[in-house]
>>> print(open('structure_38.txt').read())   # compact mmCIF, C-alpha atoms (C1' of nucleotides)
# COMPACT_ATOMS: atom_id res chain seq x y z
CA MET A 1 24.30 -25.76 -17.60
CA SER A 2 22.91 -28.94 -16.17
CA GLU A 3 25.20 -31.80 -17.06
CA THR A 4 25.82 -34.35 -14.35
CA LEU A 5 29.56 -34.54 -14.15
CA LYS A 6 31.51 -36.20 -11.45
CA VAL A 7 32.06 -34.31 -8.25
CA ASP A 8 34.96 -35.40 -6.12
CA ARG A 9 35.89 -34.71 -2.53
CA LEU A 10 37.67 -31.51 -3.47
CA ASP A 11 34.57 -30.20 -5.21
CA LEU A 12 32.48 -30.96 -2.16
CA ARG A 13 34.90 -29.01 -0.01
CA ILE A 14 34.68 -26.08 -2.40
CA LEU A 15 30.90 -26.17 -2.29
CA ALA A 16 30.90 -26.35 1.50
CA GLN A 17 33.18 -23.34 1.73
CA LEU A 18 31.24 -21.23 -0.74
CA GLN A 19 28.01 -22.11 0.98
CA LYS A 20 29.38 -20.67 4.20
CA ASN A 21 31.01 -17.65 2.61
CA GLY A 22 30.07 -16.93 -0.97
CA ARG A 23 32.30 -13.88 -1.07
CA MET A 24 35.57 -15.41 -0.05
CA THR A 25 38.38 -14.73 -2.47
CA ASN A 26 39.61 -17.43 -4.74
CA VAL A 27 43.01 -17.51 -3.06
CA ASP A 28 41.44 -18.04 0.35
CA LEU A 29 39.18 -20.70 -1.08
CA ALA A 30 42.10 -22.44 -2.72
CA ASP A 31 43.98 -22.33 0.53
CA ALA A 32 41.04 -23.69 2.50
CA VAL A 33 40.58 -26.70 0.24
CA GLY A 34 44.27 -27.37 -0.30
CA LEU A 35 44.70 -26.27 -3.88
CA SER A 36 46.46 -23.46 -5.67
CA PRO A 37 44.30 -20.66 -7.04
CA SER A 38 44.28 -21.59 -10.71
CA PRO A 39 42.79 -25.09 -10.60
CA CYS A 40 40.50 -23.97 -7.81
CA LEU A 41 39.03 -21.27 -9.97
CA ILE A 42 38.56 -23.73 -12.81
CA ARG A 43 36.63 -26.06 -10.50
CA VAL A 44 34.43 -23.24 -9.26
CA LYS A 45 33.58 -22.27 -12.82
CA ARG A 46 32.82 -25.87 -13.66
CA LEU A 47 30.53 -26.22 -10.66
CA GLU A 48 28.72 -23.02 -11.62
CA GLN A 49 28.30 -24.04 -15.24
CA ALA A 50 27.14 -27.50 -14.28
CA GLY A 51 24.41 -25.94 -12.15
CA TYR A 52 25.57 -27.15 -8.75
CA ILE A 53 25.79 -23.53 -7.72
CA GLY A 54 22.57 -21.73 -8.53
CA GLY A 55 23.87 -18.33 -7.63
CA TYR A 56 25.25 -16.19 -4.85
CA GLY A 57 23.22 -13.99 -2.57
CA ALA A 58 23.50 -11.75 0.43
CA GLN A 59 21.50 -12.97 3.39
CA LEU A 60 19.47 -9.96 4.42
CA ARG A 61 18.05 -9.47 7.89
CA LEU A 62 14.77 -8.13 6.59
CA GLU A 63 13.26 -8.00 10.05
CA LYS A 64 15.88 -5.42 10.99
CA LEU A 65 14.69 -3.11 8.25
CA GLY A 66 11.13 -2.93 9.51
CA ASP A 67 8.19 -5.02 10.53
CA THR A 68 7.76 -8.29 8.72
CA LEU A 69 5.41 -11.20 9.12
CA THR A 70 6.07 -14.77 8.06
CA VAL A 71 3.12 -17.06 7.50
CA PHE A 72 2.93 -20.71 6.50
CA THR A 73 -0.26 -21.52 4.67
CA GLU A 74 -1.70 -24.94 4.00
CA VAL A 75 -3.70 -25.04 0.79
CA THR A 76 -6.13 -27.68 -0.42
CA LEU A 77 -7.24 -27.61 -4.04
CA ALA A 78 -10.83 -28.23 -5.09
CA ASP A 79 -9.86 -30.67 -7.85
CA HIS A 80 -6.78 -32.75 -8.40
CA HIS A 81 -6.23 -33.14 -12.09
CA ARG A 82 -2.89 -32.35 -13.56
CA GLU A 83 -4.19 -29.10 -15.02
CA ASP A 84 -5.41 -27.95 -11.61
CA PHE A 85 -1.94 -28.22 -10.17
CA ILE A 86 -0.38 -26.50 -13.13
CA ARG A 87 -2.85 -23.62 -13.05
CA PHE A 88 -2.40 -23.11 -9.33
CA GLU A 89 1.38 -23.18 -9.47
CA ALA A 90 1.51 -20.80 -12.41
CA ALA A 91 -0.81 -18.36 -10.67
CA ILE A 92 1.11 -18.15 -7.42
CA ARG A 93 4.59 -18.16 -8.93
CA ASP A 94 4.35 -14.46 -9.73
CA VAL A 95 3.16 -13.44 -6.29
CA ASP A 96 6.15 -11.75 -4.75
CA GLU A 97 4.97 -12.32 -1.21
CA ILE A 98 5.10 -16.11 -1.65
CA LEU A 99 8.66 -17.23 -1.07
CA GLU A 100 8.27 -20.99 -1.18
CA CYS A 101 5.80 -23.45 -2.63
CA HIS A 102 5.91 -27.12 -1.69
CA LEU A 103 3.68 -29.91 -2.85
CA VAL A 104 3.33 -32.28 0.08
CA SER A 105 1.83 -35.65 0.83
CA GLY A 106 -0.67 -35.80 3.65
CA GLY A 107 -3.60 -33.80 4.87
CA TYR A 108 -3.45 -31.00 2.32
CA ASP A 109 -1.84 -30.23 -1.02
CA TYR A 110 0.50 -27.24 -0.83
CA LEU A 111 2.50 -25.62 1.91
CA LEU A 112 3.28 -21.99 1.10
CA LYS A 113 5.63 -19.63 2.88
CA PHE A 114 4.61 -15.98 2.87
CA MET A 115 6.51 -12.89 3.85
CA THR A 116 4.52 -9.70 4.30
CA ARG A 117 4.51 -6.37 6.10
CA GLY A 118 1.88 -7.58 8.54
CA VAL A 119 -1.47 -9.30 8.85
CA ASN A 120 -3.26 -6.70 6.75
CA HIS A 121 -0.83 -7.11 3.92
CA TYR A 122 -1.11 -10.90 4.21
CA GLN A 123 -4.88 -10.72 4.15
CA GLU A 124 -4.78 -8.58 1.02
CA VAL A 125 -2.58 -11.09 -0.77
CA ILE A 126 -4.71 -14.04 0.25
CA GLU A 127 -7.92 -12.33 -0.79
CA GLY A 128 -6.35 -11.46 -4.10
CA LEU A 129 -5.60 -15.14 -4.63
CA LEU A 130 -9.11 -16.27 -3.74
CA GLU A 131 -10.67 -13.75 -6.10
CA ARG A 132 -8.63 -15.07 -8.97
CA ASN A 133 -10.33 -18.44 -8.75
CA ILE A 134 -7.31 -20.63 -9.14
CA GLY A 135 -8.81 -23.73 -7.62
CA ILE A 136 -8.31 -23.16 -3.92
CA GLU A 137 -10.88 -25.11 -1.95
CA LYS A 138 -9.67 -24.13 1.48
CA TYR A 139 -6.62 -22.88 3.29
CA PHE A 140 -5.29 -22.56 6.78
CA SER A 141 -2.76 -20.00 7.98
CA TYR A 142 -0.06 -20.50 10.58
CA ILE A 143 1.40 -17.22 11.68
CA VAL A 144 5.04 -17.39 12.72
CA ILE A 145 5.52 -15.91 16.15
CA LYS A 146 9.25 -16.48 16.28
CA SER A 147 11.86 -18.33 14.27
CA PRO A 148 14.40 -19.61 16.79
CA PHE A 149 16.74 -20.41 13.90
CA ILE A 150 16.95 -20.58 10.14
CA LYS A 151 20.17 -22.15 8.94
CA THR A 152 21.67 -20.91 5.74
CA HIS A 153 24.04 -23.76 5.13
CA TYR A 154 23.96 -27.51 5.32
CA PRO A 155 26.87 -29.83 6.12
CA ILE A 156 26.88 -31.43 2.71
CA GLU A 157 29.26 -34.18 3.80
CA ARG A 158 26.29 -35.52 5.70
CA LEU A 159 24.20 -35.80 2.55
CA PHE A 160 26.91 -37.54 0.59
CA PRO A 161 28.89 -39.49 3.15
CA HIS A 162 30.93 -41.71 0.89
CA GLN A 163 31.77 -39.54 -2.08
CA ARG A 164 35.07 -40.48 -3.59
CA MET B 1 26.94 -5.09 14.92
CA SER B 2 23.28 -4.39 15.58
CA GLU B 3 22.76 -0.66 15.65
CA THR B 4 19.64 0.64 14.02
CA LEU B 5 20.91 3.36 11.79
CA LYS B 6 19.01 5.03 9.07
CA VAL B 7 18.74 3.26 5.75
CA ASP B 8 17.93 5.42 2.78
CA ARG B 9 16.75 4.61 -0.70
CA LEU B 10 20.30 4.09 -1.92
CA ASP B 11 20.95 1.55 0.80
CA LEU B 12 17.81 -0.32 -0.14
CA ARG B 13 18.98 -0.49 -3.73
CA ILE B 14 22.33 -1.80 -2.61
CA LEU B 15 20.67 -4.48 -0.50
CA ALA B 16 18.39 -5.45 -3.36
CA GLN B 17 21.34 -5.83 -5.71
CA LEU B 18 23.45 -7.83 -3.29
CA GLN B 19 20.51 -10.09 -2.54
CA LYS B 20 20.30 -10.98 -6.22
CA ASN B 21 24.02 -11.27 -6.76
CA GLY B 22 26.19 -11.37 -3.69
CA ARG B 23 29.33 -11.70 -5.74
CA MET B 24 29.04 -8.65 -7.91
CA THR B 25 32.05 -6.38 -7.78
CA ASN B 26 31.85 -3.10 -5.99
CA VAL B 27 32.27 -1.15 -9.20
CA ASP B 28 29.34 -2.94 -10.82
CA LEU B 29 27.29 -2.44 -7.70
CA ALA B 30 28.15 1.25 -7.60
CA ASP B 31 27.16 1.55 -11.22
CA ALA B 32 23.87 -0.28 -10.66
CA VAL B 33 22.78 1.98 -7.81
CA GLY B 34 24.10 5.20 -9.30
CA LEU B 35 27.09 5.89 -7.11
CA SER B 36 30.81 5.91 -7.51
CA PRO B 37 32.74 2.99 -6.05
CA SER B 38 34.18 4.57 -2.92
CA PRO B 39 31.01 5.75 -1.20
CA CYS B 40 29.29 2.61 -2.38
CA LEU B 41 31.83 0.43 -0.66
CA ILE B 42 31.52 2.45 2.51
CA ARG B 43 27.77 1.93 2.51
CA VAL B 44 28.16 -1.80 1.99
CA LYS B 45 30.54 -2.02 4.92
CA ARG B 46 28.14 -0.02 7.04
CA LEU B 47 25.27 -2.29 6.15
CA GLU B 48 27.33 -5.35 6.99
CA GLN B 49 28.51 -3.96 10.30
CA ALA B 50 25.03 -2.83 11.23
CA GLY B 51 23.82 -6.39 10.70
CA TYR B 52 21.48 -5.76 7.79
CA ILE B 53 23.55 -8.22 5.83
CA GLY B 54 23.99 -11.43 7.78
CA GLY B 55 26.42 -12.96 5.37
CA TYR B 56 26.92 -14.15 1.85
CA GLY B 57 26.37 -17.65 0.61
CA ALA B 58 26.36 -19.75 -2.51
CA GLN B 59 22.98 -21.25 -3.29
CA LEU B 60 23.69 -24.92 -3.80
CA ARG B 61 21.48 -27.22 -5.82
CA LEU B 62 21.80 -30.07 -3.34
CA GLU B 63 19.30 -32.21 -5.18
CA LYS B 64 21.68 -32.26 -8.14
CA LEU B 65 24.38 -33.81 -6.00
CA GLY B 66 22.32 -36.81 -4.98
CA ASP B 67 19.03 -37.85 -3.50
CA THR B 68 17.56 -35.54 -0.91
CA LEU B 69 14.29 -35.47 0.96
CA THR B 70 12.63 -32.39 2.42
CA VAL B 71 10.10 -32.84 5.20
CA PHE B 72 8.02 -30.35 7.13
CA THR B 73 7.17 -31.56 10.60
CA GLU B 74 4.54 -30.17 12.92
CA VAL B 75 5.48 -30.61 16.56
CA THR B 76 3.30 -30.29 19.63
CA LEU B 77 4.96 -30.07 23.02
CA ALA B 78 3.65 -31.91 26.06
CA ASP B 79 3.89 -28.87 28.33
CA HIS B 80 3.99 -25.19 27.59
CA HIS B 81 6.04 -23.50 30.23
CA ARG B 82 8.85 -21.21 29.21
CA GLU B 83 11.45 -23.81 30.14
CA ASP B 84 9.80 -26.39 27.90
CA PHE B 85 10.22 -24.15 24.86
CA ILE B 86 13.79 -23.32 25.77
CA ARG B 87 14.75 -26.95 26.29
CA PHE B 88 13.17 -28.02 23.01
CA GLU B 89 14.79 -25.27 20.99
CA ALA B 90 18.19 -25.86 22.51
CA ALA B 91 17.97 -29.57 21.78
CA ILE B 92 17.05 -29.29 18.12
CA ARG B 93 19.34 -26.39 17.30
CA ASP B 94 22.31 -28.71 16.98
CA VAL B 95 20.58 -31.19 14.73
CA ASP B 96 22.15 -30.61 11.35
CA GLU B 97 19.22 -32.08 9.47
CA ILE B 98 16.85 -29.44 10.82
CA LEU B 99 17.18 -26.35 8.67
CA GLU B 100 14.41 -24.17 10.03
CA CYS B 101 12.48 -23.92 13.28
CA HIS B 102 9.40 -21.75 13.54
CA LEU B 103 7.14 -21.20 16.52
CA VAL B 104 3.65 -20.75 15.14
CA SER B 105 0.22 -19.86 16.39
CA GLY B 106 -2.51 -22.34 15.69
CA GLY B 107 -3.02 -26.08 15.86
CA TYR B 108 0.47 -27.04 16.94
CA ASP B 109 3.60 -25.43 18.36
CA TYR B 110 6.58 -25.75 16.02
CA LEU B 111 7.00 -26.16 12.31
CA LEU B 112 10.35 -27.71 11.44
CA LYS B 113 11.97 -28.08 8.04
CA PHE B 114 14.15 -31.15 7.59
CA MET B 115 16.56 -32.07 4.85
CA THR B 116 17.74 -35.67 4.74
CA ARG B 117 19.06 -38.33 2.40
CA GLY B 118 15.73 -40.13 2.37
CA VAL B 119 12.97 -41.50 4.55
CA ASN B 120 15.26 -43.84 6.45
CA HIS B 121 17.58 -41.03 7.37
CA TYR B 122 14.61 -38.87 8.38
CA GLN B 123 13.21 -41.63 10.53
CA GLU B 124 16.56 -42.06 12.28
CA VAL B 125 16.72 -38.38 13.10
CA ILE B 126 13.15 -38.26 14.38
CA GLU B 127 13.64 -41.33 16.53
CA GLY B 128 16.80 -39.83 17.90
CA LEU B 129 14.80 -36.78 18.95
CA LEU B 130 12.06 -38.80 20.59
CA GLU B 131 14.55 -40.86 22.58
CA ARG B 132 16.08 -37.72 24.00
CA ASN B 133 12.88 -36.83 25.78
CA ILE B 134 12.80 -33.15 24.97
CA GLY B 135 9.12 -32.65 25.56
CA ILE B 136 7.60 -33.73 22.25
CA GLU B 137 4.04 -34.86 22.80
CA LYS B 138 3.26 -35.63 19.17
CA TYR B 139 4.37 -34.78 15.67
CA PHE B 140 3.15 -35.06 12.13
CA SER B 141 5.33 -35.25 9.03
CA TYR B 142 4.60 -33.77 5.64
CA ILE B 143 6.89 -35.17 3.01
CA VAL B 144 7.68 -32.77 0.19
CA ILE B 145 6.98 -34.37 -3.16
CA LYS B 146 8.03 -31.41 -5.24
CA SER B 147 8.95 -27.79 -4.64
CA PRO B 148 7.64 -25.87 -7.65
CA PHE B 149 9.68 -22.89 -6.55
CA ILE B 150 11.81 -21.54 -3.73
CA LYS B 151 12.72 -17.91 -4.20
CA THR B 152 16.06 -16.73 -2.95
CA HIS B 153 15.37 -13.04 -3.00
CA TYR B 154 12.55 -10.74 -2.04
CA PRO B 155 11.64 -7.41 -3.64
CA ILE B 156 12.43 -5.39 -0.57
CA GLU B 157 10.83 -2.22 -1.98
CA ARG B 158 7.58 -4.03 -1.36
CA LEU B 159 8.32 -4.45 2.32
CA PHE B 160 9.34 -0.83 2.79
CA PRO B 161 7.31 1.10 0.23
CA HIS B 162 7.81 4.64 1.46
CA GLN B 163 11.39 4.68 2.71
CA ARG B 164 12.94 8.05 2.35
C1' DA C 1 45.15 -33.27 -13.87
C1' DG C 2 48.34 -28.96 -10.69
C1' DT C 3 52.11 -25.22 -10.38
C1' DG C 4 54.01 -20.67 -11.04
C1' DA C 5 54.66 -16.90 -13.56
C1' DA C 6 52.69 -12.29 -15.76
C1' DA C 7 49.13 -8.87 -16.95
C1' DG C 8 44.83 -6.71 -16.04
C1' DC C 9 41.56 -5.05 -12.79
C1' DG C 10 39.04 -4.23 -8.53
C1' DA C 11 39.40 -3.23 -3.31
C1' DG C 12 40.12 0.00 -0.09
C1' DG C 13 42.56 4.21 1.80
C1' DC C 14 43.40 9.34 1.25
C1' DC C 15 42.74 13.83 -0.31
C1' DG C 16 40.05 17.53 -2.37
C1' DG C 17 35.28 19.55 -3.31
C1' DC D 1 28.80 12.87 2.07
C1' DC D 2 30.50 12.16 -2.73
C1' DG D 3 34.00 11.59 -6.64
C1' DG D 4 38.94 10.83 -8.30
C1' DC D 5 43.53 9.11 -7.70
C1' DC D 6 46.82 5.59 -6.20
C1' DT D 7 48.73 1.39 -4.46
C1' DC D 8 48.32 -3.25 -3.20
C1' DG D 9 46.43 -7.61 -3.74
C1' DC D 10 43.43 -10.63 -6.19
C1' DT D 11 41.68 -12.61 -10.53
C1' DT D 12 42.55 -14.89 -14.60
C1' DT D 13 45.20 -16.64 -18.35
C1' DC D 14 49.05 -19.17 -20.30
C1' DA D 15 53.16 -21.95 -20.77
C1' DC D 16 55.14 -25.70 -18.37
C1' DT D 17 55.15 -29.91 -15.62
>>> encode(input="structure_38.txt", output="structure tokens")
Amino acid sequence: MSETLKVDRLDLRILAQLQKNGRMTNVDLADAVGLSPSPCLIRVKRLEQAGYIGGYGAQLRLEKLGDTLTVFTEVTLADHHREDFIRFEAAIRDVDEILECHLVSGGYDYLLKFMTRGVNHYQEVIEGLLERNIGIEKYFSYIVIKSPFIKTHYPIERLFPHQR
Amino acid sequence: MSETLKVDRLDLRILAQLQKNGRMTNVDLADAVGLSPSPCLIRVKRLEQAGYIGGYGAQLRLEKLGDTLTVFTEVTLADHHREDFIRFEAAIRDVDEILECHLVSGGYDYLLKFMTRGVNHYQEVIEGLLERNIGIEKYFSYIVIKSPFIKTHYPIERLFPHQR
DNA sequence: AGTGAAAGCGAGGCCGG
DNA sequence: CCGGCCTCGCTTTCACT
């Protein structure tokens, strides 16, 4: 599931294609990368098993379904021992409304990304967190007014320019 | 492509399933939501055409392929006329290394999410932006040390609790 | 390693309730 | 609007190169 096996140029092309269209058929994929279906499928399976592909998902336009609010929240912990980080991370992991959790270097400790129905919903979630006493010293909320773009795929050739 | 048609409970279940596994076959999907394949497929097509599903993608574990660096950057513009926002957004949209762009309310204007090969690569991109004179007054970078979690799907029942 | 067959199964269209 | 049938094309395996 997580072996580091060698990934050649063909594999990178497969990954790039699947990133753009996770539902394309194996024959189309094979055609796009210049392979015949059988070995192409084998490579895809290998990449999945090796953990390079974490899964496949539909990209939903949640904002089309109803009102949503995205909020980025900067969190500073009261104490900074290893156990404080662990406790905090464990506590917020199960909060559905928190989509991302990043430990950052700089003026605060964590940057969280929330998705809620609106400010009331967000406030409820935040207050629930504070009541649970998980080591939050202070926090600051940045409400997203508009997201001009969110890209769903990355040109991986740029990350790994000279892969064999 | 962007009609707002009614989405019932069955549609929500379909969306929830496809969000978790965008590659599941239509028969499995139909089974999971309690439908037979034909009407299920029709609903999926409708949801795609209506724009509720923006696309399907493989979730790549880029960090397994090589070194990557994620950076969140707060950007403040020098001026705040409509044209300043438009010019800035247009200029950064084509920068591959910028994955997300959010206009926020609060202490600064934009929160950007970068993905690069490392600090040198990040610095190159940032300097490239500054040289282009696109109205950046100042910026501050938060380097991501660790991302304890990034969730790829949201429990959409929570966003739309009382859908018919 | 890749190619090309063959067999099994799902996608997608059509008809009947 | 849903379920069942039917055909075509894709998936997946296997023997061969």
>>> atom_distance(input="structure_38.txt", atom1="CA of Leu130 (chain A)", atom2="CA of Glu74 (chain A)")
13.8 Å
>>> interface_residues(input="structure_38.txt", of="chain B", to="chain C", cutoff="10 Å", atoms="all atoms listed in the file", output="PyMOL selection string")
chain B and resi 25-27+37-38+41-42
>>> calpha_fit_and_write(input="structure_38.txt", fixed="chain A", moving="chain B", output="compact mmCIF listing (two decimals) with C-alpha atoms, in the frame of the given file")
# COMPACT_ATOMS: atom_id res chain seq x y z
CA MET B 1 24.22 -25.73 -17.55
CA SER B 2 22.83 -28.97 -16.17
CA GLU B 3 25.23 -31.75 -17.00
CA THR B 4 25.80 -34.34 -14.34
CA LEU B 5 29.53 -34.54 -14.13
CA LYS B 6 31.48 -36.18 -11.44
CA VAL B 7 32.01 -34.29 -8.22
CA ASP B 8 34.91 -35.40 -6.09
CA ARG B 9 35.83 -34.72 -2.51
CA LEU B 10 37.62 -31.51 -3.45
CA ASP B 11 34.53 -30.20 -5.18
CA LEU B 12 32.44 -30.96 -2.13
CA ARG B 13 34.85 -28.99 0.02
CA ILE B 14 34.66 -26.09 -2.38
CA LEU B 15 30.87 -26.15 -2.29
CA ALA B 16 30.88 -26.33 1.49
CA GLN B 17 33.16 -23.31 1.73
CA LEU B 18 31.23 -21.22 -0.76
CA GLN B 19 27.98 -22.08 0.99
CA LYS B 20 29.37 -20.60 4.20
CA ASN B 21 31.00 -17.61 2.57
CA GLY B 22 30.07 -16.89 -1.00
CA ARG B 23 32.30 -13.86 -1.12
CA MET B 24 35.58 -15.40 -0.16
CA THR B 25 38.36 -14.75 -2.63
CA ASN B 26 39.59 -17.52 -4.84
CA VAL B 27 42.98 -17.55 -3.17
CA ASP B 28 41.42 -18.02 0.27
CA LEU B 29 39.16 -20.69 -1.11
CA ALA B 30 42.07 -22.48 -2.74
CA ASP B 31 43.95 -22.34 0.53
CA ALA B 32 40.97 -23.66 2.50
CA VAL B 33 40.50 -26.70 0.28
CA GLY B 34 44.18 -27.41 -0.26
CA LEU B 35 44.65 -26.35 -3.84
CA SER B 36 46.43 -23.61 -5.66
CA PRO B 37 44.31 -20.78 -7.05
CA SER B 38 44.24 -21.67 -10.73
CA PRO B 39 42.80 -25.17 -10.59
CA CYS B 40 40.53 -24.04 -7.79
CA LEU B 41 39.05 -21.33 -9.94
CA ILE B 42 38.54 -23.75 -12.78
CA ARG B 43 36.63 -26.08 -10.49
CA VAL B 44 34.44 -23.26 -9.24
CA LYS B 45 33.59 -22.27 -12.79
CA ARG B 46 32.81 -25.87 -13.63
CA LEU B 47 30.53 -26.20 -10.66
CA GLU B 48 28.72 -23.01 -11.60
CA GLN B 49 28.30 -24.01 -15.22
CA ALA B 50 27.14 -27.48 -14.27
CA GLY B 51 24.42 -25.90 -12.15
CA TYR B 52 25.56 -27.13 -8.76
CA ILE B 53 25.79 -23.52 -7.72
CA GLY B 54 22.57 -21.70 -8.55
CA GLY B 55 23.86 -18.30 -7.64
CA TYR B 56 25.23 -16.17 -4.88
CA GLY B 57 23.23 -13.96 -2.60
CA ALA B 58 23.51 -11.72 0.41
CA GLN B 59 21.50 -12.94 3.37
CA LEU B 60 19.48 -9.93 4.41
CA ARG B 61 18.08 -9.44 7.88
CA LEU B 62 14.78 -8.10 6.61
CA GLU B 63 13.28 -7.97 10.07
CA LYS B 64 15.91 -5.40 11.00
CA LEU B 65 14.70 -3.10 8.26
CA GLY B 66 11.14 -2.93 9.52
CA ASP B 67 8.20 -5.02 10.55
CA THR B 68 7.76 -8.29 8.74
CA LEU B 69 5.39 -11.20 9.14
CA THR B 70 6.07 -14.78 8.08
CA VAL B 71 3.12 -17.08 7.51
CA PHE B 72 2.93 -20.72 6.50
CA THR B 73 -0.26 -21.54 4.66
CA GLU B 74 -1.68 -24.97 3.98
CA VAL B 75 -3.68 -25.06 0.77
CA THR B 76 -6.11 -27.69 -0.44
CA LEU B 77 -7.20 -27.63 -4.06
CA ALA B 78 -10.78 -28.25 -5.12
CA ASP B 79 -9.82 -30.68 -7.88
CA HIS B 80 -6.74 -32.76 -8.43
CA HIS B 81 -6.20 -33.15 -12.11
CA ARG B 82 -2.84 -32.33 -13.59
CA GLU B 83 -4.15 -29.08 -15.04
CA ASP B 84 -5.38 -27.95 -11.64
CA PHE B 85 -1.88 -28.22 -10.18
CA ILE B 86 -0.34 -26.48 -13.16
CA ARG B 87 -2.82 -23.61 -13.06
CA PHE B 88 -2.36 -23.11 -9.33
CA GLU B 89 1.41 -23.14 -9.49
CA ALA B 90 1.53 -20.78 -12.43
CA ALA B 91 -0.78 -18.35 -10.67
CA ILE B 92 1.13 -18.13 -7.41
CA ARG B 93 4.60 -18.13 -8.92
CA ASP B 94 4.35 -14.44 -9.70
CA VAL B 95 3.16 -13.43 -6.27
CA ASP B 96 6.15 -11.72 -4.73
CA GLU B 97 4.97 -12.32 -1.19
CA ILE B 98 5.10 -16.08 -1.64
CA LEU B 99 8.66 -17.22 -1.06
CA GLU B 100 8.29 -20.97 -1.15
CA CYS B 101 5.82 -23.44 -2.63
CA HIS B 102 5.95 -27.10 -1.69
CA LEU B 103 3.71 -29.91 -2.86
CA VAL B 104 3.38 -32.29 0.07
CA SER B 105 1.89 -35.65 0.81
CA GLY B 106 -0.60 -35.80 3.62
CA GLY B 107 -3.56 -33.81 4.85
CA TYR B 108 -3.43 -31.02 2.31
CA ASP B 109 -1.80 -30.24 -1.04
CA TYR B 110 0.53 -27.24 -0.84
CA LEU B 111 2.53 -25.62 1.89
CA LEU B 112 3.30 -21.99 1.09
CA LYS B 113 5.65 -19.63 2.89
CA PHE B 114 4.62 -15.98 2.88
CA MET B 115 6.52 -12.89 3.88
CA THR B 116 4.51 -9.70 4.32
CA ARG B 117 4.50 -6.39 6.14
CA GLY B 118 1.87 -7.59 8.58
CA VAL B 119 -1.48 -9.30 8.87
CA ASN B 120 -3.29 -6.71 6.77
CA HIS B 121 -0.86 -7.13 3.93
CA TYR B 122 -1.13 -10.92 4.23
CA GLN B 123 -4.89 -10.76 4.17
CA GLU B 124 -4.81 -8.60 1.03
CA VAL B 125 -2.60 -11.09 -0.75
CA ILE B 126 -4.72 -14.07 0.27
CA GLU B 127 -7.92 -12.37 -0.78
CA GLY B 128 -6.34 -11.48 -4.07
CA LEU B 129 -5.59 -15.16 -4.61
CA LEU B 130 -9.09 -16.28 -3.73
CA GLU B 131 -10.67 -13.76 -6.09
CA ARG B 132 -8.62 -15.09 -8.96
CA ASN B 133 -10.32 -18.45 -8.76
CA ILE B 134 -7.27 -20.64 -9.15
CA GLY B 135 -8.77 -23.74 -7.65
CA ILE B 136 -8.28 -23.18 -3.92
CA GLU B 137 -10.86 -25.14 -1.99
CA LYS B 138 -9.65 -24.16 1.47
CA TYR B 139 -6.60 -22.91 3.28
CA PHE B 140 -5.28 -22.59 6.78
CA SER B 141 -2.74 -20.03 7.98
CA TYR B 142 -0.06 -20.52 10.58
CA ILE B 143 1.39 -17.24 11.70
CA VAL B 144 5.03 -17.41 12.73
CA ILE B 145 5.52 -15.92 16.16
CA LYS B 146 9.24 -16.48 16.31
CA SER B 147 11.85 -18.32 14.29
CA PRO B 148 14.39 -19.62 16.80
CA PHE B 149 16.72 -20.40 13.93
CA ILE B 150 16.95 -20.56 10.16
CA LYS B 151 20.17 -22.11 8.96
CA THR B 152 21.67 -20.86 5.75
CA HIS B 153 24.03 -23.70 5.12
CA TYR B 154 23.96 -27.46 5.33
CA PRO B 155 26.86 -29.79 6.12
CA ILE B 156 26.87 -31.40 2.73
CA GLU B 157 29.27 -34.17 3.82
CA ARG B 158 26.29 -35.50 5.71
CA LEU B 159 24.20 -35.76 2.58
CA PHE B 160 26.92 -37.49 0.60
CA PRO B 161 28.92 -39.44 3.17
CA HIS B 162 30.94 -41.71 0.92
CA GLN B 163 31.73 -39.55 -2.10
CA ARG B 164 34.97 -40.51 -3.67
>>> atom_distance(input="structure_38.txt", atom1="CA of Val144 (chain B)", atom2="CA of Leu111 (chain A)")
9.0 Å
>>> closest_residue(input="structure_38.txt", among="A:Arg117, A:His81, A:Lys6, A:Lys20", to="Gly57 (chain A)", atoms="all atoms listed in the file")
A:Lys20
>>> residues_around(input="structure_38.txt", residues="Ala58 (chain B)", least_positions_apart="3", cutoff="8 Å", atoms="all atoms listed in the file", output="NGL selection string")
:A and (15 or 18-22 or 53-57)
>>> write_last_selection(input="structure_38.txt", atoms="C-alpha atoms", output="PDB file, in the coordinates of the input")
ATOM      1  CA  LEU A  15      30.900 -26.170  -2.290  1.00  0.00           C
ATOM      2  CA  LEU A  18      31.240 -21.230  -0.740  1.00  0.00           C
ATOM      3  CA  GLN A  19      28.010 -22.110   0.980  1.00  0.00           C
ATOM      4  CA  LYS A  20      29.380 -20.670   4.200  1.00  0.00           C
ATOM      5  CA  ASN A  21      31.010 -17.650   2.610  1.00  0.00           C
ATOM      6  CA  GLY A  22      30.070 -16.930  -0.970  1.00  0.00           C
ATOM      7  CA  ILE A  53      25.790 -23.530  -7.720  1.00  0.00           C
ATOM      8  CA  GLY A  54      22.570 -21.730  -8.530  1.00  0.00           C
ATOM      9  CA  GLY A  55      23.870 -18.330  -7.630  1.00  0.00           C
ATOM     10  CA  TYR A  56      25.250 -16.190  -4.850  1.00  0.00           C
ATOM     11  CA  GLY A  57      23.220 -13.990  -2.570  1.00  0.00           C
TER      12      GLY A  57
END
>>> closest_residue(input="structure_38.txt", among="B:Asp28, B:Glu157, B:Glu131, B:Glu83", to="chain A", atoms="all atoms listed in the file")
B:Glu157
>>> residues_around(input="structure_38.txt", residues="Gly107 (chain A)", least_positions_apart="2", cutoff="9 Å", atoms="all atoms listed in the file", output="VMD selection string")
(chain A and resid 76 104 to 105 109) or (chain B and resid 142)
>>> atom_distance(input="structure_38.txt", atom1="CA of Glu63 (chain B)", atom2="CA of Lys146 (chain B)")
11.3 Å
